[in-house]
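With compact mmCIF, C-alpha atoms and all ligand atoms inside, this is work28.txt:
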# COMPACT_ATOMS: atom_id res chain seq x y z
CA MET P 1 -75.81 -212.05 57.77
CA VAL P 2 -78.56 -211.15 60.20
CA ILE P 3 -82.24 -210.67 59.46
CA THR P 4 -83.00 -207.36 61.10
CA GLU P 5 -86.64 -206.92 60.12
CA VAL P 6 -89.54 -208.89 58.70
CA ARG P 7 -92.74 -207.18 57.57
CA ILE P 8 -95.87 -209.20 56.98
CA LYS P 9 -99.03 -208.54 55.02
CA LEU P 10 -101.65 -211.04 56.06
CA MET P 11 -104.07 -212.16 53.37
CA GLU P 12 -107.77 -212.53 53.92
CA ASP P 13 -108.83 -216.05 54.74
CA ASN P 14 -110.49 -216.44 51.37
CA ASN P 15 -107.21 -216.60 49.51
CA GLU P 16 -106.80 -220.33 49.87
CA ARG P 17 -103.17 -221.29 50.26
CA LEU P 18 -101.54 -217.87 50.02
CA GLN P 19 -101.40 -216.77 53.67
CA ALA P 20 -99.23 -213.65 53.53
CA PHE P 21 -96.74 -211.54 51.65
CA CYS P 22 -93.61 -210.39 53.41
CA SER P 23 -90.39 -208.45 53.10
CA VAL P 24 -87.11 -209.33 54.78
CA THR P 25 -84.32 -206.89 55.67
CA PHE P 26 -80.75 -208.14 55.94
CA ASP P 27 -78.18 -206.34 58.12
CA ASP P 28 -80.32 -203.19 58.31
CA ALA P 29 -79.17 -202.61 54.76
CA PHE P 30 -80.87 -204.70 52.09
CA VAL P 31 -84.54 -205.53 51.61
CA VAL P 32 -86.10 -208.34 49.60
CA ARG P 33 -89.82 -207.94 49.02
CA ASP P 34 -92.60 -210.15 47.80
CA LEU P 35 -91.76 -213.35 49.62
CA LYS P 36 -94.89 -215.40 50.15
CA ILE P 37 -96.09 -217.61 52.95
CA ILE P 38 -97.96 -220.56 51.55
CA GLU P 39 -99.89 -223.28 53.27
CA GLY P 40 -98.42 -226.53 52.02
CA THR P 41 -99.36 -230.10 52.74
CA LYS P 42 -96.79 -230.23 55.55
CA GLY P 43 -97.46 -226.83 57.08
CA SER P 44 -96.64 -223.29 56.06
CA PHE P 45 -93.52 -222.56 54.08
CA VAL P 46 -91.85 -219.51 52.58
CA ALA P 47 -91.68 -219.01 48.83
CA MET P 48 -89.06 -216.71 47.36
CA PRO P 49 -90.04 -213.76 45.16
CA SER P 50 -90.52 -215.00 41.63
CA ARG P 51 -91.48 -213.92 38.17
CA LYS P 52 -93.38 -215.51 35.36
CA LEU P 53 -91.25 -217.22 32.77
CA THR P 54 -91.67 -216.15 29.17
CA ASP P 55 -90.53 -217.32 25.78
CA ARG P 56 -90.46 -215.76 22.35
CA CYS P 57 -93.12 -216.12 19.68
CA PRO P 58 -91.74 -218.14 16.76
CA GLY P 59 -93.51 -215.78 14.41
CA CYS P 60 -92.48 -212.30 15.57
CA GLY P 61 -90.10 -212.74 18.50
CA CYS P 62 -92.36 -211.01 21.06
CA LYS P 63 -92.12 -212.35 24.61
CA ASN P 64 -95.19 -214.11 25.97
CA HIS P 65 -96.05 -215.86 29.23
CA LEU P 66 -95.61 -219.61 28.84
CA ARG P 67 -99.32 -220.25 29.26
CA ALA P 68 -100.34 -217.69 26.61
CA ARG P 69 -102.40 -219.25 23.85
CA PHE P 70 -101.90 -216.39 21.42
CA CYS P 71 -98.98 -214.01 20.89
CA ASN P 72 -99.51 -210.60 22.54
CA LEU P 73 -98.07 -208.80 19.53
CA CYS P 74 -98.92 -210.70 16.33
CA GLY P 75 -101.81 -212.81 17.62
CA GLY P 76 -100.25 -215.99 16.33
CA ARG P 77 -101.40 -219.26 17.86
CA LEU P 78 -99.02 -220.62 20.50
CA ASP P 79 -98.69 -224.09 21.98
CA GLU P 80 -100.31 -223.79 25.44
CA ASP P 81 -98.38 -226.81 26.66
CA ARG P 82 -94.88 -225.63 25.78
CA ALA P 83 -93.59 -225.04 29.33
CA THR P 84 -90.84 -227.41 30.39
CA ARG P 85 -91.91 -229.93 32.98
CA ASP P 86 -90.12 -231.40 35.95
CA GLN P 87 -89.78 -235.13 36.54
CA ASP P 88 -93.23 -235.20 38.15
CA GLY P 89 -94.80 -233.62 35.12
CA ARG P 90 -95.46 -230.21 36.68
CA ALA P 91 -95.16 -227.28 34.33
CA LYS P 92 -92.37 -224.86 35.23
CA LEU P 93 -93.99 -221.41 34.87
CA HIS P 94 -92.10 -219.29 37.42
CA ALA P 95 -88.50 -218.71 38.46
CA ASP P 96 -87.15 -217.26 41.71
CA ILE P 97 -85.74 -213.74 41.54
CA ALA P 98 -83.79 -214.06 44.79
CA HIS P 99 -83.22 -217.23 46.75
CA PRO P 100 -80.90 -218.91 49.28
CA ILE P 101 -78.25 -221.20 47.84
CA ASN P 102 -78.01 -223.58 50.77
CA SER P 103 -80.34 -225.19 53.27
CA ALA P 104 -78.88 -223.36 56.28
CA CYS P 105 -79.74 -219.97 54.82
CA ARG P 106 -83.16 -221.16 53.75
CA GLU P 107 -83.82 -222.34 57.28
CA VAL P 108 -82.71 -218.99 58.78
CA ILE P 109 -85.05 -217.07 56.49
CA GLN P 110 -87.96 -219.45 56.81
CA SER P 111 -87.86 -219.64 60.59
CA ALA P 112 -87.59 -215.85 60.95
CA VAL P 113 -90.46 -215.29 58.55
CA LEU P 114 -92.76 -217.89 60.07
CA LYS P 115 -92.04 -216.58 63.57
CA SER P 116 -93.00 -213.06 62.45
CA PHE P 117 -96.04 -214.44 60.65
CA ASN P 118 -97.34 -216.03 63.84
CA GLU P 119 -96.66 -212.85 65.82
CA GLU P 120 -98.40 -210.78 63.14
CA LYS P 121 -101.49 -212.98 63.34
CA GLU P 122 -101.65 -212.29 67.06
CA ARG P 123 -101.06 -208.56 66.57
CA SER P 124 -103.78 -208.42 63.94
CA LYS P 125 -106.35 -209.38 66.57
CA GLN P 126 -105.57 -206.24 68.58
CA PRO P 127 -107.60 -203.07 68.08
CA GLY P 128 -105.85 -200.46 65.97
CA TYR P 129 -103.70 -203.04 64.16
CA VAL P 130 -101.78 -201.57 61.23
CA CYS P 131 -99.94 -203.67 58.66
CA ARG P 132 -96.35 -202.44 58.15
CA TYR P 133 -95.75 -204.07 54.79
CA ASP P 134 -95.37 -201.45 52.05
CA ASP P 135 -97.96 -202.52 49.56
CA TYR P 136 -96.92 -200.78 46.37
CA ASP P 137 -99.13 -202.91 44.19
CA ALA P 138 -102.27 -203.44 46.22
CA GLY P 139 -104.90 -205.32 44.33
CA ASP P 140 -102.38 -206.98 42.05
CA TYR P 141 -103.52 -210.40 43.12
CA ASP P 142 -104.29 -212.00 39.78
CA GLU P 143 -104.37 -215.34 38.06
CA SER P 144 -100.60 -215.48 38.00
CA TYR P 145 -100.59 -215.83 41.78
CA THR P 146 -103.13 -218.59 41.58
CA SER P 147 -100.94 -220.56 39.23
CA LEU P 148 -97.82 -219.71 41.21
CA VAL P 149 -99.30 -220.77 44.51
CA GLY P 150 -100.58 -223.96 42.93
CA GLU P 151 -97.17 -224.68 41.49
CA LEU P 152 -95.47 -224.07 44.83
CA ALA P 153 -97.99 -225.79 47.05
CA ARG P 154 -97.84 -228.97 45.02
CA GLY P 155 -94.11 -228.91 45.48
CA GLY P 156 -94.59 -228.64 49.25
CA GLY P 157 -91.82 -226.06 49.56
CA GLY P 158 -89.37 -228.89 49.55
CA GLY P 159 -86.39 -226.62 49.37
CA GLU P 160 -84.91 -226.84 45.95
CA PHE P 161 -81.32 -225.73 46.06
CA ARG P 162 -79.61 -224.65 42.93
CA ALA P 163 -75.92 -224.08 42.70
CA HIS P 164 -75.13 -220.54 41.75
CA GLY P 165 -73.87 -221.60 38.37
CA PRO P 166 -76.20 -219.68 36.06
CA HIS P 167 -74.81 -216.40 37.35
CA ASN P 168 -71.36 -217.33 36.11
CA ASN P 169 -72.16 -218.43 32.60
CA ARG P 170 -74.24 -215.30 32.02
CA GLY P 171 -76.76 -217.47 30.26
CA THR P 172 -79.79 -216.35 32.21
CA HIS P 173 -78.95 -212.76 32.99
CA GLU P 174 -79.21 -211.09 29.66
CA ALA P 175 -78.52 -207.38 29.93
CA LYS P 176 -81.67 -205.40 29.31
CA SER P 177 -81.58 -202.53 26.91
CA PRO P 178 -82.31 -199.23 28.65
CA TYR P 179 -84.59 -198.59 25.71
CA ALA P 180 -86.90 -201.47 26.48
CA THR P 181 -90.47 -200.63 25.63
CA SER P 182 -92.78 -199.55 28.41
CA GLN P 183 -94.70 -202.76 27.86
CA GLU P 184 -91.54 -204.75 28.55
CA ARG P 185 -90.81 -202.70 31.64
CA ARG P 186 -94.15 -203.15 33.28
CA GLY P 187 -95.83 -206.06 31.56
CA ASP P 188 -95.31 -209.78 31.53
CA GLY P 189 -91.81 -209.36 30.22
CA PHE P 190 -90.69 -207.44 33.30
CA GLY P 191 -87.23 -208.50 34.26
CA ALA P 192 -87.42 -211.54 32.09
CA GLY P 193 -84.00 -212.79 31.15
CA ILE P 194 -84.96 -216.15 29.72
CA LEU P 195 -84.64 -216.22 25.97
ZN ZN B 201 -95.92 -213.11 17.67

Kindly return the structure encoded in the file as structure tokens.
Amino acid sequence: MVITEVRIKLMEDNNERLQAFCSVTFDDAFVVRDLKIIEGTKGSFVAMPSRKLTDRCPGCGCKNHLRARFCNLCGGRLDEDRATRDQDGRAKLHADIAHPINSACREVIQSAVLKSFNEEKERSKQPGYVCRYDDYDAGDYDESYTSLVGELARGGGGGEFRAHGPHNNRGTHEAKSPYATSQERRGDGFGAGIL
């Protein structure tokens, strides 16, 4: 596997720890978008694309973000503090969509991305600089990124490696109905497989 292209979208300086978005192309054939470069306590690190975790309202079964205080559908009160926590007490609100499964692969991706990031910062100082990252959802920087970046930065990008087990027991990859509502397709429930 060879990384054949990295595209970087630098963030304005005012965005605290989120330094850039990027996409990575493998073997001139497969692109993963929405990786993030985050300034951690021990330098910049690369965060994999991730989604907000959801759970179902006990009253009506509608999916809600784990920090939601009221159900989106029935308005029922929800426990704001229901997210599972890691051993350090940090709430687990996001899950990676795509990620390396060993440290060697993580290192390959991270070093390629950070190298391109540094080159992009230099390029951005030149006149006529154009960002090559395809920004399909410009302006979508919302509170979910703030919480995500906080969650990741506190972790320091320490490289958490999960075995690929969940893909075998089918427990976390629930097949989505093609008749999912438009709200499910584009809203907080997008791609959510956690029951
Ligand atoms: Zn509800």

Do you have, as a Markdown table, the list of residues of chain P lying at most 8 Å from ligand ZN 201 (chain B), each with its nearest atom pair and that distance in Å to one decimal, counting all atoms listed in the file and ordered by chain then number?
| residue | atom | partner | partner_atom | distance |
| --- | --- | --- | --- | --- |
| P:Arg56 | CA | B:ZN201 | ZN | 7.7 |
| P:Cys57 | CA | B:ZN201 | ZN | 4.6 |
| P:Pro58 | CA | B:ZN201 | ZN | 6.6 |
| P:Gly59 | CA | B:ZN201 | ZN | 4.9 |
| P:Cys60 | CA | B:ZN201 | ZN | 4.1 |
| P:Gly61 | CA | B:ZN201 | ZN | 5.9 |
| P:Cys62 | CA | B:ZN201 | ZN | 5.3 |
| P:Lys63 | CA | B:ZN201 | ZN | 7.9 |
| P:Phe70 | CA | B:ZN201 | ZN | 7.8 |
| P:Cys71 | CA | B:ZN201 | ZN | 4.5 |
| P:Asn72 | CA | B:ZN201 | ZN | 6.6 |
| P:Leu73 | CA | B:ZN201 | ZN | 5.2 |
| P:Cys74 | CA | B:ZN201 | ZN | 4.1 |
| P:Gly75 | CA | B:ZN201 | ZN | 5.9 |
| P:Gly76 | CA | B:ZN201 | ZN | 5.4 |

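Separating atom CA of P:Ile8 from atom CA of P:His99 is a distance of 18.1 Å.
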
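Among the candidate residues P:Asp34, P:Glu151, P:Asp79, P:Glu16, the one lying nearest to P:Ile97 is P:Asp34, with distances computed using all atoms listed in the file.
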
Closest of P:Ala20, P:Val149, P:Val6, P:Met1 to P:Ser116 - atom-to-atom distances counting all atoms listed in the file
P:Val6

How many Å separate atom CA of P:Thr54 from atom CA of P:Leu66?
5.3 Å

Long-range neighbours of P:Thr84 as a PyMOL selection string, 10 Å cut-off, all atoms listed in the file, 5 positions minimum in chain:
chain P and resi 66+89-93

Near P:Asp13, within 12 Å and counting all atoms listed in the file, which residues show up once chain neighbours fewer than 6 positions away are dropped, as a ChimeraX atom specification?
/P:19-20,39,121

Do a neighbour search on stretch 107-111 of chain P at 10 Å with all atoms listed in the file, toss out local chain neighbours closer than 2 positions, and write the hits as a PDB file with C-alpha atoms, keeping the file's coordinate frame.
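File result00.pdb, as written:
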ATOM      1  CA  MET P   1     -75.810-212.050  57.770  1.00  0.00           C
ATOM      2  CA  VAL P   2     -78.560-211.150  60.200  1.00  0.00           C
ATOM      3  CA  ILE P   3     -82.240-210.670  59.460  1.00  0.00           C
ATOM      4  CA  VAL P   6     -89.540-208.890  58.700  1.00  0.00           C
ATOM      5  CA  VAL P  24     -87.110-209.330  54.780  1.00  0.00           C
ATOM      6  CA  PHE P  26     -80.750-208.140  55.940  1.00  0.00           C
ATOM      7  CA  ILE P  37     -96.090-217.610  52.950  1.00  0.00           C
ATOM      8  CA  SER P  44     -96.640-223.290  56.060  1.00  0.00           C
ATOM      9  CA  PHE P  45     -93.520-222.560  54.080  1.00  0.00           C
ATOM     10  CA  VAL P  46     -91.850-219.510  52.580  1.00  0.00           C
ATOM     11  CA  ALA P  47     -91.680-219.010  48.830  1.00  0.00           C
ATOM     12  CA  MET P  48     -89.060-216.710  47.360  1.00  0.00           C
ATOM     13  CA  HIS P  99     -83.220-217.230  46.750  1.00  0.00           C
ATOM     14  CA  PRO P 100     -80.900-218.910  49.280  1.00  0.00           C
ATOM     15  CA  ASN P 102     -78.010-223.580  50.770  1.00  0.00           C
ATOM     16  CA  SER P 103     -80.340-225.190  53.270  1.00  0.00           C
ATOM     17  CA  ALA P 104     -78.880-223.360  56.280  1.00  0.00           C
ATOM     18  CA  CYS P 105     -79.740-219.970  54.820  1.00  0.00           C
ATOM     19  CA  VAL P 113     -90.460-215.290  58.550  1.00  0.00           C
ATOM     20  CA  LEU P 114     -92.760-217.890  60.070  1.00  0.00           C
ATOM     21  CA  LYS P 115     -92.040-216.580  63.570  1.00  0.00           C
ATOM     22  CA  SER P 116     -93.000-213.060  62.450  1.00  0.00           C
ATOM     23  CA  PHE P 117     -96.040-214.440  60.650  1.00  0.00           C
ATOM     24  CA  GLY P 159     -86.390-226.620  49.370  1.00  0.00           C
TER      25      GLY P 159
END

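Interatomic distance, atom CA of P:Asn118 to atom CA of P:Gly150: 22.6 Å.
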
For a quick check of your reading of the model, name the residues lying within 9 Å of the coordinate (-101.3, -207.7, 56.0), counting all atoms listed in the file, and write them as a list of chain:residue names.
P:Arg7, P:Ile8, P:Lys9, P:Leu10, P:Met11, P:Glu12, P:Ala20, P:Phe21, P:Cys22, P:Glu120, P:Ser124, P:Val130, P:Cys131, P:Arg132, P:Tyr133, P:Asp135

With distances taken over only C-alpha atoms, which residue among P:Ala98, P:Gln126, P:Thr25, P:Arg67 lies nearest P:Leu53?
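Ranked by minimum distance to P:Leu53, first place goes to P:Arg67.
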
From the list P:Lys36, P:Arg69, P:Thr4, P:Val31, the nearest residue to P:Leu18 using only C-alpha atoms is P:Lys36

Some atoms are absent from stretch 117-138 of chain P, so rebuild N, CA and C atoms and return them as a compact mmCIF listing (two decimals), keeping the file's coordinate frame.
# COMPACT_ATOMS: atom_id res chain seq x y z
N PHE P 117 -94.68 -214.18 61.14
CA PHE P 117 -96.04 -214.44 60.65
C PHE P 117 -96.97 -214.78 61.81
N ASN P 118 -96.50 -215.65 62.70
CA ASN P 118 -97.34 -216.03 63.84
C ASN P 118 -97.56 -214.85 64.78
N GLU P 119 -96.50 -214.04 64.97
CA GLU P 119 -96.66 -212.85 65.82
C GLU P 119 -97.63 -211.84 65.18
N GLU P 120 -97.53 -211.73 63.85
CA GLU P 120 -98.40 -210.78 63.14
C GLU P 120 -99.86 -211.21 63.26
N LYS P 121 -100.10 -212.51 63.20
CA LYS P 121 -101.49 -212.98 63.34
C LYS P 121 -102.05 -212.61 64.70
N GLU P 122 -101.21 -212.70 65.72
CA GLU P 122 -101.65 -212.29 67.06
C GLU P 122 -101.90 -210.79 67.12
N ARG P 123 -100.92 -210.02 66.57
CA ARG P 123 -101.06 -208.56 66.57
C ARG P 123 -102.33 -208.11 65.84
N SER P 124 -102.65 -208.84 64.78
CA SER P 124 -103.78 -208.42 63.94
C SER P 124 -105.11 -208.53 64.68
N LYS P 125 -105.11 -209.25 65.79
CA LYS P 125 -106.35 -209.38 66.57
C LYS P 125 -106.55 -208.18 67.50
N GLN P 126 -105.48 -207.39 67.67
CA GLN P 126 -105.57 -206.24 68.58
C GLN P 126 -106.28 -205.08 67.88
N PRO P 127 -106.98 -204.26 68.68
CA PRO P 127 -107.60 -203.07 68.08
C PRO P 127 -106.52 -202.11 67.58
N GLY P 128 -106.80 -201.44 66.49
CA GLY P 128 -105.85 -200.46 65.97
C GLY P 128 -104.68 -201.08 65.22
N TYR P 129 -104.78 -202.35 64.89
CA TYR P 129 -103.70 -203.04 64.16
C TYR P 129 -103.44 -202.38 62.81
N VAL P 130 -102.18 -202.12 62.52
CA VAL P 130 -101.78 -201.57 61.23
C VAL P 130 -100.71 -202.46 60.62
N CYS P 131 -100.92 -202.87 59.39
CA CYS P 131 -99.94 -203.67 58.66
C CYS P 131 -98.77 -202.77 58.26
N ARG P 132 -97.54 -203.26 58.44
CA ARG P 132 -96.35 -202.44 58.15
C ARG P 132 -95.73 -202.78 56.79
N TYR P 133 -96.30 -203.70 56.10
CA TYR P 133 -95.75 -204.07 54.79
C TYR P 133 -96.12 -202.99 53.78
N ASP P 134 -95.13 -202.51 53.03
CA ASP P 134 -95.37 -201.45 52.05
C ASP P 134 -95.98 -202.07 50.80
N ASP P 135 -97.24 -201.83 50.63
CA ASP P 135 -97.96 -202.52 49.56
C ASP P 135 -98.04 -201.63 48.32
N TYR P 136 -96.97 -201.66 47.54
CA TYR P 136 -96.92 -200.78 46.37
C TYR P 136 -97.93 -201.18 45.30
N ASP P 137 -98.26 -202.45 45.28
CA ASP P 137 -99.13 -202.91 44.19
C ASP P 137 -100.37 -203.60 44.74
N ALA P 138 -101.04 -202.90 45.63
CA ALA P 138 -102.27 -203.44 46.22
C ALA P 138 -103.26 -203.82 45.13
